[in-house]
Amino acid sequence: DATHSPMFHQIEGMVIDKGITMADLKGTLDYFTREIFGKDRATRYRPHFFPFTEPSFEIDVLLQAAGQAPRWIEIAGCGMVNPAVFENIDKATGKNLYAGCTGFAFGIGLDRLTTTRYKISDIRLLFENDLRFLEQFDQ
């Protein structure tokens, strides 16, 4: 349909260090969403399953389309890196690289981010490569 595509582009990020917490994850992604959607934009984190993070969440932003009531739109997935990931890397490399480390990871769909940020009603417009459409976003 006009809001989904079988292919998508994603930005992924990961932070690993000693002492990284859920507060770091939430602070980073809340800052990002405020910069993209506005300083007063509300976010929420819903529990979800992703295989390499625990706990895992989907991130929603409260957005309002013209003439509609505000609604929650999912923009990303995220979570704390599962400690088993670090253990498996250390086991595979034979090194103790990640002892005491924690981290977070996220994936943000660029297409969803763009359509919500610029209020584009049909995601397919992004894939047509019509310069008349695309040039309006050149800043």
# chains A, B, ... in the order shown; residues from 1 in each chain; ligands from 1
>>> closest_atom_pairs(of="region 3-49 of chain A", to="region 119-125 of chain A", cutoff="9 Å", atoms="only C-alpha atoms", output="tab-separated table")
residue	atom	partner	partner_atom	distance
A:Thr3	CA	A:Ile123	CA	5.4
A:His4	CA	A:Ile123	CA	6.6
A:Ser5	CA	A:Ile123	CA	7.3
>>> write_last_selection(atoms="N, CA, C and O atoms", output="tab-separated table (two decimals), in the first residue's frame")
chain	number	residue	atom	x	y	z
A	3	THR	N	1.82	3.19	2.26
A	3	THR	CA	2.69	3.47	3.42
A	3	THR	C	3.73	2.39	3.68
A	3	THR	O	4.51	2.50	4.62
A	4	HIS	N	3.74	1.32	2.86
A	4	HIS	CA	4.69	0.22	3.07
A	4	HIS	C	5.35	-0.17	1.76
A	4	HIS	O	4.78	-0.01	0.70
A	5	SER	N	6.55	-0.72	1.88
A	5	SER	CA	7.29	-1.18	0.71
A	5	SER	C	8.00	-2.49	1.08
A	5	SER	O	8.44	-2.65	2.22
>>> residues_around(residues="Phe52 (chain A)", least_positions_apart="4", cutoff="9 Å", atoms="only C-alpha atoms", output="list of chain:residue names")
A:Ser56, A:Gly79, A:Met80, A:Val81, A:Asn82, A:Pro83, A:Ala84, A:Val85, A:Ala105
>>> write_last_selection(atoms="C-alpha atoms", output="compact mmCIF listing (two decimals), in the first residue's frame")
# COMPACT_ATOMS: atom_id res chain seq x y z
CA SER A 56 14.11 -4.75 23.01
CA GLY A 79 17.44 -2.43 22.57
CA MET A 80 20.30 -3.22 24.86
CA VAL A 81 22.83 -5.59 23.29
CA ASN A 82 22.23 -9.07 24.63
CA PRO A 83 25.23 -10.11 26.81
CA ALA A 84 25.32 -13.41 24.89
CA VAL A 85 26.43 -11.44 21.81
CA ALA A 105 21.72 -0.83 19.18
>>> closest_residue(among="A:Glu12, A:Val61, A:Glu135, A:Thr116", to="Asp30 (chain A)", atoms="only C-alpha atoms")
A:Val61
>>> select_by_dssp(residues="region 8-124 of chain A", states="strand (DSSP E)", output="PyMOL selection string")
chain A and resi 10-18+43-50+53-63+71-81+101-109
>>> atom_distance(atom1="CA of Leu25 (chain A)", atom2="CA of Asp111 (chain A)")
22.0 Å
>>> atom_distance(atom1="CA of Met22 (chain A)", atom2="CA of Ala42 (chain A)")
17.7 Å
>>> atom_distance(atom1="CA of Ile108 (chain A)", atom2="CA of Phe49 (chain A)")
15.5 Å
>>> residues_around(residues="Tyr98 (chain A)", least_positions_apart="2", cutoff="12 Å", atoms="only C-alpha atoms", output="list in words")
Ile16, Asp17, Lys18, Gly19, Val81, Pro83, Ala84, Val85, Phe86, Glu87, Asn88, Ile89, Asp90, Lys91, Thr93, Gly94, Lys95, Asn96, Gly100, Cys101, Thr102 and Gly103 of chain A
>>> closest_residue(among="A:Arg112, A:Arg46, A:Arg41, A:Lys26", to="Leu63 (chain A)", atoms="only C-alpha atoms")
A:Arg41
>>> closest_residue(among="A:Tyr45, A:Gln68, A:Thr28, A:Glu54", to="Val15 (chain A)", atoms="only C-alpha atoms")
A:Thr28
>>> residues_around(residues="region 71-75 of chain A", least_positions_apart="4", cutoff="9 Å", atoms="only C-alpha atoms", output="PDB file with all heavy atoms, in the first residue's frame")
ATOM      1  N   THR A  43       7.671  10.664  22.549  1.00  0.00           N
ATOM      2  CA  THR A  43       8.069   9.328  22.101  1.00  0.00           C
ATOM      3  C   THR A  43       7.592   8.311  23.125  1.00  0.00           C
ATOM      4  O   THR A  43       7.358   8.638  24.286  1.00  0.00           O
ATOM      5  CB  THR A  43       9.596   9.197  21.946  1.00  0.00           C
ATOM      6  OG1 THR A  43      10.214   9.518  23.198  1.00  0.00           O
ATOM      7  CG2 THR A  43      10.141  10.090  20.856  1.00  0.00           C
ATOM      8  N   ARG A  44       7.463   7.069  22.671  1.00  0.00           N
ATOM      9  CA  ARG A  44       7.183   5.974  23.599  1.00  0.00           C
ATOM     10  C   ARG A  44       7.965   4.749  23.139  1.00  0.00           C
ATOM     11  O   ARG A  44       8.278   4.604  21.958  1.00  0.00           O
ATOM     12  CB  ARG A  44       5.688   5.677  23.707  1.00  0.00           C
ATOM     13  CG  ARG A  44       5.096   4.995  22.505  1.00  0.00           C
ATOM     14  CD  ARG A  44       3.632   4.644  22.699  1.00  0.00           C
ATOM     15  NE  ARG A  44       3.118   4.008  21.499  1.00  0.00           N
ATOM     16  CZ  ARG A  44       1.858   3.718  21.291  1.00  0.00           C
ATOM     17  NH1 ARG A  44       0.956   4.018  22.215  1.00  0.00           N
ATOM     18  NH2 ARG A  44       1.476   3.136  20.177  1.00  0.00           N
ATOM     19  N   GLU A  58      10.253  -1.134  20.321  1.00  0.00           N
ATOM     20  CA  GLU A  58       9.930  -0.361  19.130  1.00  0.00           C
ATOM     21  C   GLU A  58       9.699   1.067  19.613  1.00  0.00           C
ATOM     22  O   GLU A  58       9.131   1.285  20.683  1.00  0.00           O
ATOM     23  CB  GLU A  58       8.688  -0.895  18.434  1.00  0.00           C
ATOM     24  CG  GLU A  58       8.956  -2.229  17.759  1.00  0.00           C
ATOM     25  CD  GLU A  58       7.762  -2.752  16.985  1.00  0.00           C
ATOM     26  OE1 GLU A  58       6.618  -2.338  17.255  1.00  0.00           O
ATOM     27  OE2 GLU A  58       7.994  -3.598  16.116  1.00  0.00           O
ATOM     28  N   ILE A  59      10.162   2.035  18.827  1.00  0.00           N
ATOM     29  CA  ILE A  59      10.030   3.436  19.203  1.00  0.00           C
ATOM     30  C   ILE A  59       8.921   4.060  18.360  1.00  0.00           C
ATOM     31  O   ILE A  59       8.935   3.954  17.139  1.00  0.00           O
ATOM     32  CB  ILE A  59      11.333   4.212  18.953  1.00  0.00           C
ATOM     33  CG1 ILE A  59      12.496   3.519  19.622  1.00  0.00           C
ATOM     34  CG2 ILE A  59      11.195   5.654  19.423  1.00  0.00           C
ATOM     35  CD1 ILE A  59      13.830   3.997  19.113  1.00  0.00           C
ATOM     36  N   ASP A  60       7.985   4.702  19.039  1.00  0.00           N
ATOM     37  CA  ASP A  60       6.899   5.405  18.367  1.00  0.00           C
ATOM     38  C   ASP A  60       7.037   6.900  18.645  1.00  0.00           C
ATOM     39  O   ASP A  60       7.487   7.304  19.716  1.00  0.00           O
ATOM     40  CB  ASP A  60       5.539   4.951  18.899  1.00  0.00           C
ATOM     41  CG  ASP A  60       5.298   3.461  18.725  1.00  0.00           C
ATOM     42  OD1 ASP A  60       5.832   2.886  17.761  1.00  0.00           O
ATOM     43  OD2 ASP A  60       4.575   2.884  19.549  1.00  0.00           O
ATOM     44  N   VAL A  61       6.595   7.699  17.670  1.00  0.00           N
ATOM     45  CA  VAL A  61       6.560   9.149  17.817  1.00  0.00           C
ATOM     46  C   VAL A  61       5.115   9.592  17.620  1.00  0.00           C
ATOM     47  O   VAL A  61       4.429   9.100  16.718  1.00  0.00           O
ATOM     48  CB  VAL A  61       7.475   9.843  16.780  1.00  0.00           C
ATOM     49  CG1 VAL A  61       7.393  11.351  16.893  1.00  0.00           C
ATOM     50  CG2 VAL A  61       8.912   9.384  16.936  1.00  0.00           C
ATOM     51  N   LEU A  62       4.642  10.498  18.460  1.00  0.00           N
ATOM     52  CA  LEU A  62       3.285  11.020  18.339  1.00  0.00           C
ATOM     53  C   LEU A  62       3.270  12.106  17.267  1.00  0.00           C
ATOM     54  O   LEU A  62       3.882  13.164  17.423  1.00  0.00           O
ATOM     55  CB  LEU A  62       2.807  11.580  19.682  1.00  0.00           C
ATOM     56  CG  LEU A  62       1.340  11.975  19.767  1.00  0.00           C
ATOM     57  CD1 LEU A  62       0.427  10.773  19.490  1.00  0.00           C
ATOM     58  CD2 LEU A  62       1.036  12.568  21.128  1.00  0.00           C
ATOM     59  N   LEU A  63       2.595  11.817  16.153  1.00  0.00           N
ATOM     60  CA  LEU A  63       2.555  12.734  15.018  1.00  0.00           C
ATOM     61  C   LEU A  63       1.119  13.022  14.628  1.00  0.00           C
ATOM     62  O   LEU A  63       0.221  12.217  14.864  1.00  0.00           O
ATOM     63  CB  LEU A  63       3.292  12.124  13.825  1.00  0.00           C
ATOM     64  CG  LEU A  63       4.780  11.855  14.042  1.00  0.00           C
ATOM     65  CD1 LEU A  63       5.349  11.044  12.891  1.00  0.00           C
ATOM     66  CD2 LEU A  63       5.541  13.156  14.204  1.00  0.00           C
ATOM     67  N   GLN A  64       0.925  14.173  13.979  1.00  0.00           N
ATOM     68  CA  GLN A  64      -0.415  14.555  13.554  1.00  0.00           C
ATOM     69  C   GLN A  64      -0.387  14.962  12.090  1.00  0.00           C
ATOM     70  O   GLN A  64       0.312  15.899  11.707  1.00  0.00           O
ATOM     71  CB  GLN A  64      -0.937  15.717  14.399  1.00  0.00           C
ATOM     72  CG  GLN A  64      -2.345  16.121  14.042  1.00  0.00           C
ATOM     73  CD  GLN A  64      -2.909  17.131  15.015  1.00  0.00           C
ATOM     74  OE1 GLN A  64      -2.210  17.642  15.883  1.00  0.00           O
ATOM     75  NE2 GLN A  64      -4.182  17.421  14.881  1.00  0.00           N
ATOM     76  N   ALA A  65      -1.129  14.248  11.272  1.00  0.00           N
ATOM     77  CA  ALA A  65      -1.289  14.609   9.871  1.00  0.00           C
ATOM     78  C   ALA A  65      -2.364  15.690   9.771  1.00  0.00           C
ATOM     79  O   ALA A  65      -3.243  15.786  10.633  1.00  0.00           O
ATOM     80  CB  ALA A  65      -1.687  13.385   9.051  1.00  0.00           C
ATOM     81  N   GLY A 107      17.889   0.498  14.859  1.00  0.00           N
ATOM     82  CA  GLY A 107      17.720   0.515  13.411  1.00  0.00           C
ATOM     83  C   GLY A 107      16.542   1.409  13.073  1.00  0.00           C
ATOM     84  O   GLY A 107      15.447   1.229  13.593  1.00  0.00           O
ATOM     85  N   ILE A 108      16.792   2.404  12.221  1.00  0.00           N
ATOM     86  CA  ILE A 108      15.765   3.379  11.855  1.00  0.00           C
ATOM     87  C   ILE A 108      15.547   3.309  10.352  1.00  0.00           C
ATOM     88  O   ILE A 108      16.497   3.485   9.570  1.00  0.00           O
ATOM     89  CB  ILE A 108      16.180   4.804  12.267  1.00  0.00           C
ATOM     90  CG1 ILE A 108      16.390   4.880  13.781  1.00  0.00           C
ATOM     91  CG2 ILE A 108      15.160   5.831  11.788  1.00  0.00           C
ATOM     92  CD1 ILE A 108      16.968   6.191  14.267  1.00  0.00           C
ATOM     93  N   GLY A 109      14.328   3.066   9.938  1.00  0.00           N
ATOM     94  CA  GLY A 109      14.014   3.015   8.514  1.00  0.00           C
ATOM     95  C   GLY A 109      13.999   4.407   7.902  1.00  0.00           C
ATOM     96  O   GLY A 109      13.215   5.258   8.300  1.00  0.00           O
ATOM     97  N   LEU A 110      14.891   4.643   6.933  1.00  0.00           N
ATOM     98  CA  LEU A 110      14.987   5.964   6.298  1.00  0.00           C
ATOM     99  C   LEU A 110      13.708   6.334   5.552  1.00  0.00           C
ATOM    100  O   LEU A 110      13.304   7.493   5.540  1.00  0.00           O
ATOM    101  CB  LEU A 110      16.159   5.995   5.321  1.00  0.00           C
ATOM    102  CG  LEU A 110      17.540   6.088   5.933  1.00  0.00           C
ATOM    103  CD1 LEU A 110      18.598   6.004   4.845  1.00  0.00           C
ATOM    104  CD2 LEU A 110      17.690   7.361   6.716  1.00  0.00           C
ATOM    105  N   ARG A 112      10.561   5.379   6.161  1.00  0.00           N
ATOM    106  CA  ARG A 112       9.520   5.753   7.128  1.00  0.00           C
ATOM    107  C   ARG A 112       9.836   7.115   7.737  1.00  0.00           C
ATOM    108  O   ARG A 112       8.970   7.965   7.897  1.00  0.00           O
ATOM    109  CB  ARG A 112       9.421   4.683   8.216  1.00  0.00           C
ATOM    110  CG  ARG A 112       8.545   5.000   9.402  1.00  0.00           C
ATOM    111  CD  ARG A 112       7.048   4.974   9.146  1.00  0.00           C
ATOM    112  NE  ARG A 112       6.568   3.768   8.548  1.00  0.00           N
ATOM    113  CZ  ARG A 112       6.128   2.705   9.211  1.00  0.00           C
ATOM    114  NH1 ARG A 112       6.132   2.693  10.517  1.00  0.00           N
ATOM    115  NH2 ARG A 112       5.669   1.655   8.575  1.00  0.00           N
ATOM    116  N   LEU A 113      11.092   7.327   8.069  1.00  0.00           N
ATOM    117  CA  LEU A 113      11.515   8.599   8.647  1.00  0.00           C
ATOM    118  C   LEU A 113      11.226   9.751   7.686  1.00  0.00           C
ATOM    119  O   LEU A 113      10.689  10.786   8.077  1.00  0.00           O
ATOM    120  CB  LEU A 113      13.008   8.526   8.966  1.00  0.00           C
ATOM    121  CG  LEU A 113      13.602   9.596   9.839  1.00  0.00           C
ATOM    122  CD1 LEU A 113      13.007   9.542  11.231  1.00  0.00           C
ATOM    123  CD2 LEU A 113      15.104   9.410   9.914  1.00  0.00           C
ATOM    124  N   THR A 116       7.332  10.401   7.163  1.00  0.00           N
ATOM    125  CA  THR A 116       6.700  11.037   8.317  1.00  0.00           C
ATOM    126  C   THR A 116       7.221  12.457   8.517  1.00  0.00           C
ATOM    127  O   THR A 116       6.452  13.360   8.814  1.00  0.00           O
ATOM    128  CB  THR A 116       6.901  10.213   9.603  1.00  0.00           C
ATOM    129  OG1 THR A 116       8.276   9.955   9.801  1.00  0.00           O
ATOM    130  CG2 THR A 116       6.128   8.916   9.539  1.00  0.00           C
TER     131      THR A 116
END
>>> closest_residue(among="A:Leu126, A:Ala76, A:Phe8, A:Arg132", to="His48 (chain A)", atoms="only C-alpha atoms")
A:Ala76
>>> select_by_dssp(residues="chain A", states="helix (DSSP H, G or I)", output="ChimeraX atom specification")
/A:22-37,83-93,110-117,123-127,131-137
>>> closest_residue(among="A:Ala23, A:Leu29, A:Ala69, A:Cys78", to="Pro47 (chain A)", atoms="only C-alpha atoms")
A:Cys78
>>> decode(residues="region 72-105 of chain A", atoms="N, CA and C atoms", output="PDB file, in the first residue's frame")
ATOM      1  N   TRP A  72       0.254   7.530  17.128  1.00  0.00           N
ATOM      2  CA  TRP A  72       1.599   7.001  17.317  1.00  0.00           C
ATOM      3  C   TRP A  72       2.054   6.315  16.032  1.00  0.00           C
ATOM      4  N   ILE A  73       3.248   6.668  15.559  1.00  0.00           N
ATOM      5  CA  ILE A  73       3.835   6.078  14.361  1.00  0.00           C
ATOM      6  C   ILE A  73       5.162   5.425  14.750  1.00  0.00           C
ATOM      7  N   GLU A  74       5.318   4.148  14.429  1.00  0.00           N
ATOM      8  CA  GLU A  74       6.573   3.449  14.715  1.00  0.00           C
ATOM      9  C   GLU A  74       7.658   3.946  13.754  1.00  0.00           C
ATOM     10  N   ILE A  75       8.825   4.295  14.310  1.00  0.00           N
ATOM     11  CA  ILE A  75       9.920   4.770  13.455  1.00  0.00           C
ATOM     12  C   ILE A  75      11.188   3.936  13.567  1.00  0.00           C
ATOM     13  N   ALA A  76      11.310   3.108  14.604  1.00  0.00           N
ATOM     14  CA  ALA A  76      12.581   2.403  14.788  1.00  0.00           C
ATOM     15  C   ALA A  76      12.421   1.237  15.752  1.00  0.00           C
ATOM     16  N   GLY A  77      13.422   0.385  15.735  1.00  0.00           N
ATOM     17  CA  GLY A  77      13.569  -0.676  16.716  1.00  0.00           C
ATOM     18  C   GLY A  77      14.881  -0.462  17.451  1.00  0.00           C
ATOM     19  N   CYS A  78      14.946  -0.915  18.700  1.00  0.00           N
ATOM     20  CA  CYS A  78      16.168  -0.696  19.472  1.00  0.00           C
ATOM     21  C   CYS A  78      16.215  -1.659  20.657  1.00  0.00           C
ATOM     22  N   GLY A  79      17.323  -1.647  21.349  1.00  0.00           N
ATOM     23  CA  GLY A  79      17.437  -2.432  22.566  1.00  0.00           C
ATOM     24  C   GLY A  79      18.851  -2.440  23.094  1.00  0.00           C
ATOM     25  N   MET A  80      18.985  -3.031  24.256  1.00  0.00           N
ATOM     26  CA  MET A  80      20.303  -3.225  24.857  1.00  0.00           C
ATOM     27  C   MET A  80      20.910  -4.491  24.255  1.00  0.00           C
ATOM     28  N   VAL A  81      22.174  -4.427  23.891  1.00  0.00           N
ATOM     29  CA  VAL A  81      22.832  -5.586  23.285  1.00  0.00           C
ATOM     30  C   VAL A  81      22.795  -6.747  24.279  1.00  0.00           C
ATOM     31  N   ASN A  82      22.321  -7.879  23.801  1.00  0.00           N
ATOM     32  CA  ASN A  82      22.233  -9.073  24.635  1.00  0.00           C
ATOM     33  C   ASN A  82      23.650  -9.477  25.061  1.00  0.00           C
ATOM     34  N   PRO A  83      23.897  -9.701  26.355  1.00  0.00           N
ATOM     35  CA  PRO A  83      25.228 -10.105  26.815  1.00  0.00           C
ATOM     36  C   PRO A  83      25.761 -11.349  26.099  1.00  0.00           C
ATOM     37  N   ALA A  84      24.878 -12.221  25.625  1.00  0.00           N
ATOM     38  CA  ALA A  84      25.317 -13.410  24.893  1.00  0.00           C
ATOM     39  C   ALA A  84      26.053 -13.040  23.607  1.00  0.00           C
ATOM     40  N   VAL A  85      25.723 -11.905  23.022  1.00  0.00           N
ATOM     41  CA  VAL A  85      26.433 -11.443  21.810  1.00  0.00           C
ATOM     42  C   VAL A  85      27.904 -11.208  22.143  1.00  0.00           C
ATOM     43  N   PHE A  86      28.166 -10.504  23.240  1.00  0.00           N
ATOM     44  CA  PHE A  86      29.548 -10.244  23.653  1.00  0.00           C
ATOM     45  C   PHE A  86      30.275 -11.544  23.988  1.00  0.00           C
ATOM     46  N   GLU A  87      29.596 -12.439  24.694  1.00  0.00           N
ATOM     47  CA  GLU A  87      30.200 -13.721  25.060  1.00  0.00           C
ATOM     48  C   GLU A  87      30.556 -14.540  23.821  1.00  0.00           C
ATOM     49  N   ASN A  88      29.662 -14.537  22.834  1.00  0.00           N
ATOM     50  CA  ASN A  88      29.924 -15.295  21.602  1.00  0.00           C
ATOM     51  C   ASN A  88      31.084 -14.714  20.807  1.00  0.00           C
ATOM     52  N   ILE A  89      31.207 -13.399  20.786  1.00  0.00           N
ATOM     53  CA  ILE A  89      32.347 -12.780  20.090  1.00  0.00           C
ATOM     54  C   ILE A  89      33.639 -13.161  20.792  1.00  0.00           C
ATOM     55  N   ASP A  90      33.647 -13.043  22.117  1.00  0.00           N
ATOM     56  CA  ASP A  90      34.850 -13.392  22.872  1.00  0.00           C
ATOM     57  C   ASP A  90      35.214 -14.863  22.683  1.00  0.00           C
ATOM     58  N   LYS A  91      34.212 -15.721  22.676  1.00  0.00           N
ATOM     59  CA  LYS A  91      34.455 -17.149  22.484  1.00  0.00           C
ATOM     60  C   LYS A  91      35.003 -17.415  21.074  1.00  0.00           C
ATOM     61  N   ALA A  92      34.429 -16.773  20.080  1.00  0.00           N
ATOM     62  CA  ALA A  92      34.850 -16.994  18.689  1.00  0.00           C
ATOM     63  C   ALA A  92      36.260 -16.472  18.421  1.00  0.00           C
ATOM     64  N   THR A  93      36.631 -15.370  19.064  1.00  0.00           N
ATOM     65  CA  THR A  93      37.950 -14.768  18.819  1.00  0.00           C
ATOM     66  C   THR A  93      39.012 -15.310  19.775  1.00  0.00           C
ATOM     67  N   GLY A  94      38.567 -15.959  20.848  1.00  0.00           N
ATOM     68  CA  GLY A  94      39.520 -16.435  21.840  1.00  0.00           C
ATOM     69  C   GLY A  94      40.102 -15.300  22.665  1.00  0.00           C
ATOM     70  N   LYS A  95      39.481 -14.133  22.592  1.00  0.00           N
ATOM     71  CA  LYS A  95      39.952 -12.967  23.340  1.00  0.00           C
ATOM     72  C   LYS A  95      38.852 -12.504  24.287  1.00  0.00           C
ATOM     73  N   ASN A  96      39.240 -11.765  25.280  1.00  0.00           N
ATOM     74  CA  ASN A  96      38.290 -11.249  26.258  1.00  0.00           C
ATOM     75  C   ASN A  96      38.094  -9.753  26.001  1.00  0.00           C
ATOM     76  N   LEU A  97      37.611  -9.414  24.808  1.00  0.00           N
ATOM     77  CA  LEU A  97      37.502  -8.020  24.387  1.00  0.00           C
ATOM     78  C   LEU A  97      36.363  -7.260  25.054  1.00  0.00           C
ATOM     79  N   TYR A  98      35.274  -7.968  25.378  1.00  0.00           N
ATOM     80  CA  TYR A  98      34.069  -7.274  25.818  1.00  0.00           C
ATOM     81  C   TYR A  98      33.685  -7.542  27.259  1.00  0.00           C
ATOM     82  N   ALA A  99      34.615  -8.045  28.057  1.00  0.00           N
ATOM     83  CA  ALA A  99      34.321  -8.288  29.466  1.00  0.00           C
ATOM     84  C   ALA A  99      33.901  -6.979  30.135  1.00  0.00           C
ATOM     85  N   GLY A 100      32.764  -6.996  30.794  1.00  0.00           N
ATOM     86  CA  GLY A 100      32.277  -5.817  31.506  1.00  0.00           C
ATOM     87  C   GLY A 100      31.621  -4.771  30.628  1.00  0.00           C
ATOM     88  N   CYS A 101      31.498  -5.031  29.346  1.00  0.00           N
ATOM     89  CA  CYS A 101      30.884  -4.058  28.440  1.00  0.00           C
ATOM     90  C   CYS A 101      29.380  -4.252  28.349  1.00  0.00           C
ATOM     91  N   THR A 102      28.705  -3.161  28.098  1.00  0.00           N
ATOM     92  CA  THR A 102      27.289  -3.165  27.763  1.00  0.00           C
ATOM     93  C   THR A 102      27.138  -2.286  26.530  1.00  0.00           C
ATOM     94  N   GLY A 103      25.959  -2.300  25.951  1.00  0.00           N
ATOM     95  CA  GLY A 103      25.759  -1.461  24.776  1.00  0.00           C
ATOM     96  C   GLY A 103      24.315  -1.416  24.345  1.00  0.00           C
ATOM     97  N   PHE A 104      24.055  -0.508  23.406  1.00  0.00           N
ATOM     98  CA  PHE A 104      22.721  -0.460  22.810  1.00  0.00           C
ATOM     99  C   PHE A 104      22.849  -0.423  21.301  1.00  0.00           C
ATOM    100  N   ALA A 105      21.763  -0.812  20.636  1.00  0.00           N
ATOM    101  CA  ALA A 105      21.722  -0.833  19.177  1.00  0.00           C
ATOM    102  C   ALA A 105      20.348  -0.344  18.729  1.00  0.00           C
TER     103      ALA A 105
END
